[in-house]
$ cat data00.csv   # CSV, C-alpha atoms (C1' of nucleotides)
chain,number,residue,atom,x,y,z
A,97,MET,CA,-37.8,40.6,115.9
A,98,GLU,CA,-39.6,42.9,113.6
A,99,THR,CA,-37.2,45.7,112.9
A,100,THR,CA,-33.5,46.3,113.4
A,101,LEU,CA,-33.7,50.0,113.5
A,102,PRO,CA,-32.5,51.7,116.8
A,103,LEU,CA,-36.0,52.8,117.8
A,104,TYR,CA,-37.0,54.8,120.8
A,105,GLU,CA,-39.1,52.7,123.1
A,106,PRO,CA,-41.2,54.7,125.5
A,107,ASP,CA,-43.8,52.2,126.8
A,108,VAL,CA,-44.9,48.7,126.2
A,109,LEU,CA,-46.7,49.3,122.9
A,110,ASN,CA,-49.1,52.2,123.2
A,111,VAL,CA,-48.4,55.8,122.4
A,112,ASN,CA,-48.1,57.6,125.7
A,113,CYS,CA,-49.1,61.1,126.5
A,114,ARG,CA,-45.6,62.5,126.4
A,115,SER,CA,-45.2,61.2,122.8
A,116,ARG,CA,-48.5,62.7,121.9
A,117,LEU,CA,-47.0,66.1,122.5
A,118,ALA,CA,-44.7,65.7,119.6
A,119,PHE,CA,-47.5,64.8,117.3
A,120,ASP,CA,-49.6,67.6,118.7
A,121,VAL,CA,-47.0,70.2,117.9
A,122,VAL,CA,-46.1,68.8,114.5
A,123,SER,CA,-49.5,67.6,113.3
A,124,ASP,CA,-50.4,71.0,112.1
A,125,LYS,CA,-50.4,72.2,108.6
A,126,TRP,CA,-48.3,75.3,109.1
A,127,THR,CA,-46.6,75.2,112.5
A,128,PRO,CA,-43.7,72.9,111.5
A,129,LEU,CA,-43.1,74.9,108.3
A,130,VAL,CA,-43.0,78.1,110.3
A,131,VAL,CA,-40.4,76.6,112.7
A,132,TYR,CA,-38.4,75.4,109.8
A,133,ALA,CA,-38.6,78.8,108.1
A,134,LEU,CA,-37.1,80.3,111.2
A,135,ARG,CA,-34.1,78.0,111.2
A,136,ARG,CA,-31.7,80.7,110.1
A,137,GLY,CA,-32.8,83.2,112.7
A,138,GLY,CA,-35.3,86.0,113.2
A,139,ARG,CA,-37.8,86.8,110.4
A,140,ARG,CA,-40.5,89.4,110.1
A,141,TYR,CA,-44.1,88.7,109.4
A,142,ASN,CA,-44.3,89.2,105.7
A,143,GLN,CA,-40.9,87.7,105.2
A,144,LEU,CA,-42.2,84.6,106.9
A,145,ARG,CA,-45.3,84.6,104.8
A,146,ARG,CA,-43.2,84.6,101.6
A,147,ASP,CA,-40.8,82.0,102.9
A,148,VAL,CA,-43.4,79.5,104.0
A,149,GLY,CA,-45.5,80.1,100.8
A,150,GLY,CA,-49.2,79.5,100.5
A,151,VAL,CA,-50.0,80.4,104.1
A,152,SER,CA,-52.7,83.0,104.6
A,153,ALA,CA,-52.2,85.9,107.0
A,154,LYS,CA,-54.8,84.4,109.4
A,155,MET,CA,-53.2,81.0,109.6
A,156,LEU,CA,-49.7,82.5,110.0
A,157,SER,CA,-50.9,84.6,112.9
A,158,GLN,CA,-52.6,81.6,114.5
A,159,SER,CA,-49.5,79.4,114.2
A,160,LEU,CA,-47.2,82.1,115.6
A,161,ARG,CA,-49.5,82.8,118.5
A,162,ARG,CA,-49.6,79.1,119.3
A,163,LEU,CA,-45.9,78.8,119.0
A,164,GLU,CA,-45.5,81.8,121.3
A,165,ALA,CA,-47.9,80.2,123.9
A,166,ASP,CA,-45.9,77.0,123.8
A,167,GLY,CA,-42.6,79.0,124.4
A,168,LEU,CA,-41.1,77.9,121.1
A,169,VAL,CA,-41.1,81.3,119.4
A,170,GLU,CA,-40.4,84.8,120.7
A,171,ARG,CA,-42.0,87.9,119.4
A,172,ARG,CA,-39.8,91.0,119.4
A,173,VAL,CA,-41.3,94.4,118.6
A,174,THR,CA,-39.1,97.3,117.5
A,175,PRO,CA,-41.2,100.5,117.8
A,176,ALA,CA,-40.8,102.3,114.5
A,177,VAL,CA,-42.8,103.6,111.5
A,178,PRO,CA,-43.6,101.3,109.9
A,179,PRO,CA,-43.6,98.9,112.9
A,180,GLU,CA,-41.0,96.1,112.9
A,181,VAL,CA,-42.0,92.8,114.4
A,182,GLU,CA,-39.4,90.0,114.4
A,183,TYR,CA,-40.1,86.4,115.3
A,184,ARG,CA,-37.3,84.1,116.3
A,185,LEU,CA,-37.0,80.7,117.9
A,186,THR,CA,-36.4,80.5,121.6
A,187,PRO,CA,-33.7,78.1,122.8
A,188,LEU,CA,-36.5,75.6,123.4
A,189,GLY,CA,-37.9,76.2,120.0
A,190,SER,CA,-34.4,75.7,118.5
A,191,THR,CA,-34.4,72.2,119.9
A,192,LEU,CA,-37.3,71.4,117.6
A,193,LEU,CA,-35.1,72.0,114.6
A,194,THR,CA,-33.3,68.7,115.1
A,195,PRO,CA,-36.4,66.5,114.6
A,196,ILE,CA,-37.7,68.7,111.8
A,197,SER,CA,-34.4,68.6,110.0
A,198,VAL,CA,-34.3,64.9,110.2
A,199,LEU,CA,-37.7,64.8,108.7
A,200,VAL,CA,-36.7,67.1,105.9
A,201,ALA,CA,-33.7,64.9,105.3
A,202,TRP,CA,-36.0,61.9,105.0
A,203,ALA,CA,-38.0,63.7,102.4
A,204,GLU,CA,-35.0,64.5,100.4
A,205,ASP,CA,-33.9,60.9,100.5
A,206,HIS,CA,-37.3,59.4,99.7
A,207,TYR,CA,-39.1,62.0,97.7
A,208,LEU,CA,-39.0,60.1,94.5
A,209,ASP,CA,-39.9,56.8,96.0
A,210,VAL,CA,-43.1,58.2,97.4
A,211,GLU,CA,-44.0,60.2,94.3
A,212,ARG,CA,-43.5,57.2,92.1
A,213,HIS,CA,-45.7,55.1,94.3
A,214,ARG,CA,-48.4,57.8,94.4
A,215,ALA,CA,-48.4,58.0,90.6
A,216,ALA,CA,-48.6,54.3,90.1
A,217,GLY,CA,-50.8,53.8,93.1
A,218,GLY,CA,-54.5,54.1,93.3
A,219,ALA,CA,-54.8,51.0,91.3
A,220,THR,CA,-53.4,48.9,94.1
A,221,ARG,CA,-56.7,48.2,95.8
A,222,PRO,CA,-60.1,47.9,94.2
B,92,MET,CA,-24.7,83.4,111.4
B,93,GLU,CA,-27.8,82.9,113.3
B,94,THR,CA,-27.6,79.3,114.6
B,95,THR,CA,-24.8,76.9,115.3
B,96,LEU,CA,-26.9,73.8,114.9
B,97,PRO,CA,-26.0,71.3,112.2
B,98,LEU,CA,-29.0,72.0,110.0
B,99,TYR,CA,-30.0,70.6,106.8
B,100,GLU,CA,-29.8,73.2,104.1
B,101,PRO,CA,-31.9,72.5,101.0
B,102,ASP,CA,-32.3,75.8,99.3
B,103,VAL,CA,-31.5,79.4,99.8
B,104,LEU,CA,-34.2,80.1,102.3
B,105,ASN,CA,-37.5,78.9,101.1
B,106,VAL,CA,-39.1,75.6,101.8
B,107,ASN,CA,-38.7,73.6,98.6
B,108,CYS,CA,-41.2,71.1,97.3
B,109,ARG,CA,-39.2,68.0,98.3
B,110,SER,CA,-39.2,69.2,101.9
B,111,ARG,CA,-43.0,69.8,101.6
B,112,LEU,CA,-43.4,66.1,101.2
B,113,ALA,CA,-42.2,65.5,104.7
B,114,PHE,CA,-44.7,67.9,106.1
B,115,ASP,CA,-47.4,66.6,103.9
B,116,VAL,CA,-46.9,63.1,105.2
B,117,VAL,CA,-46.5,64.1,108.8
B,118,SER,CA,-49.0,67.0,109.1
B,119,ASP,CA,-51.9,64.7,109.6
B,120,LYS,CA,-53.6,64.0,112.8
B,121,TRP,CA,-53.3,60.2,112.7
B,122,THR,CA,-50.9,59.1,110.0
B,123,PRO,CA,-47.7,59.6,112.0
B,124,LEU,CA,-49.3,57.9,115.0
B,125,VAL,CA,-50.2,54.9,112.9
B,126,VAL,CA,-46.7,54.6,111.5
B,127,TYR,CA,-45.4,54.8,115.0
B,128,ALA,CA,-47.8,52.2,116.3
B,129,LEU,CA,-46.5,49.9,113.6
B,130,ARG,CA,-42.9,50.2,114.7
B,131,ARG,CA,-42.8,46.8,116.3
B,132,GLY,CA,-44.2,45.0,113.2
B,133,GLY,CA,-47.5,44.0,111.7
B,134,ARG,CA,-50.7,44.8,113.5
B,135,ARG,CA,-54.3,44.1,112.8
B,136,TYR,CA,-57.0,46.7,112.3
B,137,ASN,CA,-58.6,46.7,115.7
B,138,GLN,CA,-55.3,46.2,117.4
B,139,LEU,CA,-54.1,49.3,115.7
B,140,ARG,CA,-57.2,51.1,116.8
B,141,ARG,CA,-56.5,50.3,120.4
B,142,ASP,CA,-52.8,51.1,120.1
B,143,VAL,CA,-53.3,54.5,118.6
B,144,GLY,CA,-56.2,55.3,120.9
B,145,GLY,CA,-58.9,57.8,120.2
B,146,VAL,CA,-59.0,57.2,116.4
B,147,SER,CA,-62.3,56.4,114.8
B,148,ALA,CA,-62.7,53.5,112.4
B,149,LYS,CA,-63.2,55.9,109.6
B,150,MET,CA,-60.1,57.9,110.2
B,151,LEU,CA,-58.0,54.8,110.7
B,152,SER,CA,-59.2,53.4,107.4
B,153,GLN,CA,-58.5,56.7,105.7
B,154,SER,CA,-55.0,56.9,107.1
B,155,LEU,CA,-54.2,53.3,106.2
B,156,ARG,CA,-55.4,53.7,102.7
B,157,ARG,CA,-53.3,56.8,102.2
B,158,LEU,CA,-50.3,55.1,103.7
B,159,GLU,CA,-50.9,52.2,101.3
B,160,ALA,CA,-51.1,54.5,98.3
B,161,ASP,CA,-47.9,56.2,99.3
B,162,GLY,CA,-46.2,52.8,99.5
B,163,LEU,CA,-45.4,53.2,103.2
B,164,VAL,CA,-47.7,50.4,104.5
B,165,GLU,CA,-48.6,47.0,103.2
B,166,ARG,CA,-51.9,45.3,103.6
B,167,ARG,CA,-51.8,41.6,103.9
B,168,VAL,CA,-55.0,39.6,104.0
B,169,THR,CA,-55.2,36.0,105.3
B,170,PRO,CA,-58.4,34.4,104.1
B,171,ALA,CA,-60.0,33.0,107.3
B,172,VAL,CA,-63.2,33.2,109.4
B,173,PRO,CA,-63.1,35.7,110.9
B,174,PRO,CA,-61.0,37.5,108.3
B,175,GLU,CA,-57.4,38.5,109.2
B,176,VAL,CA,-56.0,41.6,107.8
B,177,GLU,CA,-52.5,42.7,108.9
B,178,TYR,CA,-50.9,46.0,108.3
B,179,ARG,CA,-47.1,46.4,108.3
B,180,LEU,CA,-44.6,48.9,107.3
B,181,THR,CA,-42.9,48.5,103.9
B,182,PRO,CA,-39.1,48.9,103.8
B,183,LEU,CA,-39.8,52.5,102.6
B,184,GLY,CA,-42.3,53.0,105.4
B,185,SER,CA,-39.7,51.7,107.9
B,186,THR,CA,-37.4,54.5,107.0
B,187,LEU,CA,-40.0,56.9,108.3
B,188,LEU,CA,-39.5,55.5,111.8
B,189,THR,CA,-36.2,57.3,112.2
B,190,PRO,CA,-37.6,60.8,111.9
B,191,ILE,CA,-40.6,59.9,113.9
B,192,SER,CA,-38.5,58.4,116.7
B,193,VAL,CA,-36.4,61.5,116.8
B,194,LEU,CA,-39.6,63.5,117.2
B,195,VAL,CA,-40.8,61.3,120.0
B,196,ALA,CA,-37.5,61.5,121.7
B,197,TRP,CA,-37.8,65.3,121.5
B,198,ALA,CA,-41.1,65.2,123.1
B,199,GLU,CA,-39.8,63.0,126.0
B,200,ASP,CA,-37.0,65.6,126.5
B,201,HIS,CA,-39.1,68.7,126.4
B,202,TYR,CA,-42.5,67.7,127.4
B,203,LEU,CA,-42.4,69.4,130.8
B,204,ASP,CA,-40.9,72.6,129.3
B,205,VAL,CA,-43.7,73.0,126.9
B,206,GLU,CA,-46.4,72.0,129.3
B,207,ARG,CA,-45.1,74.5,131.9
B,208,HIS,CA,-45.1,77.3,129.3
B,209,ARG,CA,-48.6,76.4,128.2
B,210,ALA,CA,-49.9,76.6,131.8
B,211,ALA,CA,-48.1,79.9,132.5
B,212,GLY,CA,-48.7,81.2,129.1
B,213,GLY,CA,-51.7,82.9,127.6
B,214,ALA,CA,-51.0,85.9,129.7
B,215,THR,CA,-47.9,86.6,127.8
B,216,ARG,CA,-49.6,88.7,125.2
B,217,PRO,CA,-52.7,90.9,125.6
C,192,DC,C1',-46.0,96.7,107.7
C,193,DT,C1',-48.4,94.0,111.2
C,194,DG,C1',-52.0,92.1,112.1
C,195,DG,C1',-57.2,91.7,114.3
C,196,DA,C1',-62.4,91.0,113.0
C,197,DT,C1',-65.7,89.1,110.2
C,198,DC,C1',-68.0,86.2,106.9
C,199,DC,C1',-68.3,82.2,104.4
C,200,DT,C1',-67.1,77.8,102.6
C,201,DA,C1',-64.7,73.4,102.4
C,202,DT,C1',-63.2,69.7,105.0
C,203,DC,C1',-62.6,67.1,109.0
C,204,DC,C1',-64.2,63.8,111.8
C,205,DG,C1',-67.2,61.3,115.0
C,206,DA,C1',-71.6,58.6,115.5
C,207,DT,C1',-74.5,55.5,113.6
C,208,DA,C1',-76.0,52.0,110.7
C,209,DC,C1',-75.0,48.4,107.6
C,210,DT,C1',-72.2,44.6,104.9
C,211,DG,C1',-69.3,40.4,104.1
D,165,DC,C1',-63.3,40.9,112.6
D,166,DA,C1',-62.7,44.4,109.1
D,167,DG,C1',-64.4,47.5,107.1
D,168,DT,C1',-67.9,51.0,104.0
D,169,DA,C1',-71.8,54.6,103.6
D,170,DT,C1',-74.1,58.4,105.1
D,171,DC,C1',-75.3,62.3,107.9
D,172,DG,C1',-74.5,66.4,110.5
D,173,DG,C1',-71.9,69.3,113.7
D,174,DA,C1',-67.4,71.2,114.5
D,175,DT,C1',-63.4,73.2,112.8
D,176,DA,C1',-60.0,74.8,109.5
D,177,DG,C1',-58.9,78.0,106.5
D,178,DG,C1',-59.3,81.6,102.6
D,179,DA,C1',-61.0,86.4,101.3
D,180,DT,C1',-61.9,90.8,102.6
D,181,DC,C1',-62.1,94.9,105.2
D,182,DC,C1',-60.2,97.7,108.6
D,183,DA,C1',-56.9,99.6,112.4
D,184,DG,C1',-52.5,101.0,114.6

$ encode --input "data00.csv" --output "structure tokens"
Amino acid sequence: METTLPLYEPDVLNVNCRSRLAFDVVSDKWTPLVVYALRRGGRRYNQLRRDVGGVSAKMLSQSLRRLEADGLVERRVTPAVPPEVEYRLTPLGSTLLTPISVLVAWAEDHYLDVERHRAAGGATRP
Amino acid sequence: METTLPLYEPDVLNVNCRSRLAFDVVSDKWTPLVVYALRRGGRRYNQLRRDVGGVSAKMLSQSLRRLEADGLVERRVTPAVPPEVEYRLTPLGSTLLTPISVLVAWAEDHYLDVERHRAAGGATRP
DNA sequence: CTGGATCCTATCCGATACTG
DNA sequence: CAGTATCGGATAGGATCCAG
């Protein structure tokens, strides 16, 4: 026995294609941050940009379009001057908040451990 | 109130720097896959390469060195011919398995939903 | 305000070749 | 087996300008 954690065991040992989806969706610089920023409900474009912080307009658009295409985010336009566009998580998208929140909780718990190791590290291997 | 899910609430609304760590570690193409592939215990370099699947030697080395520097993976060399190098999760690294497993579980649950939407999607917005 | 279009650069990353 | 070094194409991503 190598680990006592209650792990999810999909296949024998390899990473199957269903699991890959999770890494596909999350292994992007901005997408998970955008989802996380939408956890409280609908947000508008420039609000999102400020919330996420450091994302360019181009990348935010790209992430949002991708999330829309995956059915995780819904785009709701209110015709007005100036135009109002609100993005919100779909029910499916909301289910992603659970894994992401667990991840954020992990970071809160182990932030210092990793930071300390990074600072001291580098000298670990020639 | 916008959502009834039991969400982790770090700050007012923005994504704080501690949370960023989580996205930093995970928002990489290979790193989370490598951690996940190590869930059962120590693996050797080429074993890992086969397990992860599709990763080049260069990228695997890079990910492993980074994980080492972050204190998430330990590199254990057994002097022998041919040389034996085993990678295994540190206790700290093992804690990452929980978020990753939750993520994988999510993918198992919602794989078809996302796939279906991707196939039908694209026509959603002009 | 909400973006699309364009240009340009930094980096990612795979292929190949080579070392111990 | 377990890597490192280098090259070169692909892609990510920022800056800027412009439109509805």

$ interface_residues --input "data00.csv" --of "chain A" --to "chain C" --cutoff "8 Å" --atoms "all atoms listed in the file" --output "list in words"
Tyr141, Asn142, Ser157, Pro178, Pro179, Glu180 and Val181 of chain A

$ calpha_fit_and_write --input "data00.csv" --fixed "chain B" --moving "chain A" --output "short mmCIF file (atom, residue, chain, number, x, y, z; two decimals) with C-alpha atoms, keeping the file's coordinate frame"
data_model
loop_
_atom_site.label_atom_id
_atom_site.label_comp_id
_atom_site.auth_asym_id
_atom_site.auth_seq_id
_atom_site.Cartn_x
_atom_site.Cartn_y
_atom_site.Cartn_z
CA MET A 97 -24.63 83.38 112.41
CA GLU A 98 -27.97 82.60 113.85
CA THR A 99 -27.76 79.03 114.99
CA THR A 100 -24.98 76.52 115.58
CA LEU A 101 -27.07 73.49 115.10
CA PRO A 102 -26.02 71.13 112.17
CA LEU A 103 -29.08 71.96 110.07
CA TYR A 104 -30.03 70.53 106.75
CA GLU A 105 -29.89 73.21 104.12
CA PRO A 106 -31.89 72.42 101.03
CA ASP A 107 -32.24 75.79 99.23
CA VAL A 108 -31.45 79.38 99.78
CA LEU A 109 -34.19 80.11 102.32
CA ASN A 110 -37.54 78.91 101.05
CA VAL A 111 -39.12 75.57 101.71
CA ASN A 112 -38.84 73.60 98.50
CA CYS A 113 -41.24 71.10 97.13
CA ARG A 114 -39.24 68.08 98.16
CA SER A 115 -39.32 69.28 101.81
CA ARG A 116 -43.00 69.84 101.54
CA LEU A 117 -43.42 66.12 101.12
CA ALA A 118 -42.26 65.50 104.60
CA PHE A 119 -44.70 67.95 106.02
CA ASP A 120 -47.42 66.57 103.81
CA VAL A 121 -46.97 63.07 105.13
CA VAL A 122 -46.54 64.08 108.75
CA SER A 123 -48.97 66.99 108.97
CA ASP A 124 -51.84 64.71 109.54
CA LYS A 125 -53.53 64.00 112.76
CA TRP A 126 -53.35 60.23 112.64
CA THR A 127 -50.92 59.12 109.93
CA PRO A 128 -47.71 59.62 111.96
CA LEU A 129 -49.25 57.89 115.00
CA VAL A 130 -50.26 54.96 112.85
CA VAL A 131 -46.68 54.64 111.49
CA TYR A 132 -45.33 54.86 114.95
CA ALA A 133 -47.80 52.24 116.20
CA LEU A 134 -46.47 49.91 113.58
CA ARG A 135 -42.87 50.26 114.68
CA ARG A 136 -42.72 46.81 116.21
CA GLY A 137 -44.14 45.05 113.19
CA GLY A 138 -47.45 43.96 111.72
CA ARG A 139 -50.70 44.86 113.55
CA ARG A 140 -54.31 44.12 112.79
CA TYR A 141 -57.01 46.67 112.43
CA ASN A 142 -58.54 46.68 115.84
CA GLN A 143 -55.20 46.20 117.47
CA LEU A 144 -54.08 49.35 115.74
CA ARG A 145 -57.18 51.18 116.80
CA ARG A 146 -56.47 50.35 120.47
CA ASP A 147 -52.80 51.16 120.19
CA VAL A 148 -53.21 54.55 118.59
CA GLY A 149 -56.16 55.44 120.94
CA GLY A 150 -58.87 57.93 120.16
CA VAL A 151 -58.90 57.27 116.42
CA SER A 152 -62.27 56.45 114.91
CA ALA A 153 -62.68 53.53 112.52
CA LYS A 154 -63.23 55.95 109.59
CA MET A 155 -60.10 57.96 110.18
CA LEU A 156 -57.99 54.81 110.73
CA SER A 157 -59.18 53.41 107.43
CA GLN A 158 -58.47 56.70 105.66
CA SER A 159 -54.93 56.95 107.07
CA LEU A 160 -54.11 53.33 106.20
CA ARG A 161 -55.44 53.70 102.69
CA ARG A 162 -53.32 56.80 102.23
CA LEU A 163 -50.31 55.13 103.65
CA GLU A 164 -50.89 52.18 101.32
CA ALA A 165 -51.17 54.57 98.27
CA ASP A 166 -47.92 56.22 99.25
CA GLY A 167 -46.17 52.74 99.50
CA LEU A 168 -45.40 53.17 103.18
CA VAL A 169 -47.70 50.45 104.50
CA GLU A 170 -48.61 47.01 103.16
CA ARG A 171 -51.90 45.35 103.64
CA ARG A 172 -51.80 41.57 104.03
CA VAL A 173 -55.02 39.56 104.04
CA THR A 174 -55.14 36.05 105.49
CA PRO A 175 -58.41 34.43 104.29
CA ALA A 176 -60.04 32.99 107.38
CA VAL A 177 -63.21 33.22 109.51
CA PRO A 178 -63.11 35.72 111.00
CA PRO A 179 -60.94 37.48 108.36
CA GLU A 180 -57.40 38.47 109.39
CA VAL A 181 -56.00 41.66 107.96
CA GLU A 182 -52.46 42.65 108.99
CA TYR A 183 -50.84 45.98 108.24
CA ARG A 184 -47.10 46.35 108.34
CA LEU A 185 -44.58 48.92 107.21
CA THR A 186 -42.89 48.44 103.90
CA PRO A 187 -39.11 48.94 103.78
CA LEU A 188 -39.84 52.47 102.59
CA GLY A 189 -42.29 53.01 105.34
CA SER A 190 -39.70 51.72 107.87
CA THR A 191 -37.43 54.55 106.85
CA LEU A 192 -40.00 56.96 108.23
CA LEU A 193 -39.47 55.56 111.68
CA THR A 194 -36.15 57.35 112.04
CA PRO A 195 -37.60 60.89 111.78
CA ILE A 196 -40.64 59.97 113.85
CA SER A 197 -38.50 58.47 116.56
CA VAL A 198 -36.41 61.52 116.73
CA LEU A 199 -39.51 63.53 117.14
CA VAL A 200 -40.77 61.31 119.90
CA ALA A 201 -37.41 61.64 121.56
CA TRP A 202 -37.74 65.41 121.42
CA ALA A 203 -41.06 65.18 123.13
CA GLU A 204 -39.70 63.10 125.86
CA ASP A 205 -36.90 65.55 126.42
CA HIS A 206 -39.05 68.68 126.28
CA TYR A 207 -42.45 67.62 127.41
CA LEU A 208 -42.33 69.45 130.65
CA ASP A 209 -40.85 72.58 129.24
CA VAL A 210 -43.71 72.96 126.83
CA GLU A 211 -46.41 72.03 129.32
CA ARG A 212 -45.09 74.49 131.83
CA HIS A 213 -45.07 77.23 129.26
CA ARG A 214 -48.61 76.37 128.11
CA ALA A 215 -49.86 76.54 131.70
CA ALA A 216 -48.21 79.81 132.45
CA GLY A 217 -48.79 81.13 128.98
CA GLY A 218 -51.83 82.81 127.65
CA ALA A 219 -51.03 85.77 129.73
CA THR A 220 -47.97 86.55 127.68
CA ARG A 221 -49.70 88.74 125.13
CA PRO A 222 -52.73 90.93 125.66
#

$ closest_atom_pairs --input "data00.csv" --of "chain A" --to "chain D" --cutoff "9 Å" --atoms "all atoms listed in the file" --output "CSV"
residue,atom,partner,partner_atom,distance
A:Ser152,CA,D:DG178,C1',7.0
A:Lys154,CA,D:DG177,C1',8.1
A:Met155,CA,D:DG177,C1',7.1

$ closest_residue --input "data00.csv" --among "A:Val151, A:Leu134, A:Val169, A:Val200" --to "chain B" --atoms "only C-alpha atoms"
A:Val200

$ atom_distance --input "data00.csv" --atom1 "atom CA of B:Leu163" --atom2 "atom CA of A:Asp147"
29.2 Å

$ interface_residues --input "data00.csv" --of "chain B" --to "chain A" --cutoff "6 Å" --atoms "only C-alpha atoms" --output "list in words"
Glu93, Tyr99, Asn105, Arg109, Ser110, Ala113, Ser118, Asp119, Lys120, Arg131, Gly132, Asp142, Ala160, Asp161, Gly162, Pro190, Ser192, Val193, Leu194, Val195, Ala198, Glu199, Val205, His208, Arg209, Gly212 and Gly213 of chain B

$ atom_distance --input "data00.csv" --atom1 "atom CA of A:Arg140" --atom2 "atom CA of A:Ser159"
14.1 Å

$ atom_distance --input "data00.csv" --atom1 "atom CA of A:Thr186" --atom2 "atom CA of A:Val173"
15.0 Å

$ axis_aligned_box --input "data00.csv" --around "stretch 166-179 of chain D" --padding-each-side "5 Å" --output "lines of an AutoDock Vina configuration file"
center_x = -67.1
center_y = 65.4
center_z = 107.9
size_x = 26.4
size_y = 52.0
size_z = 23.2
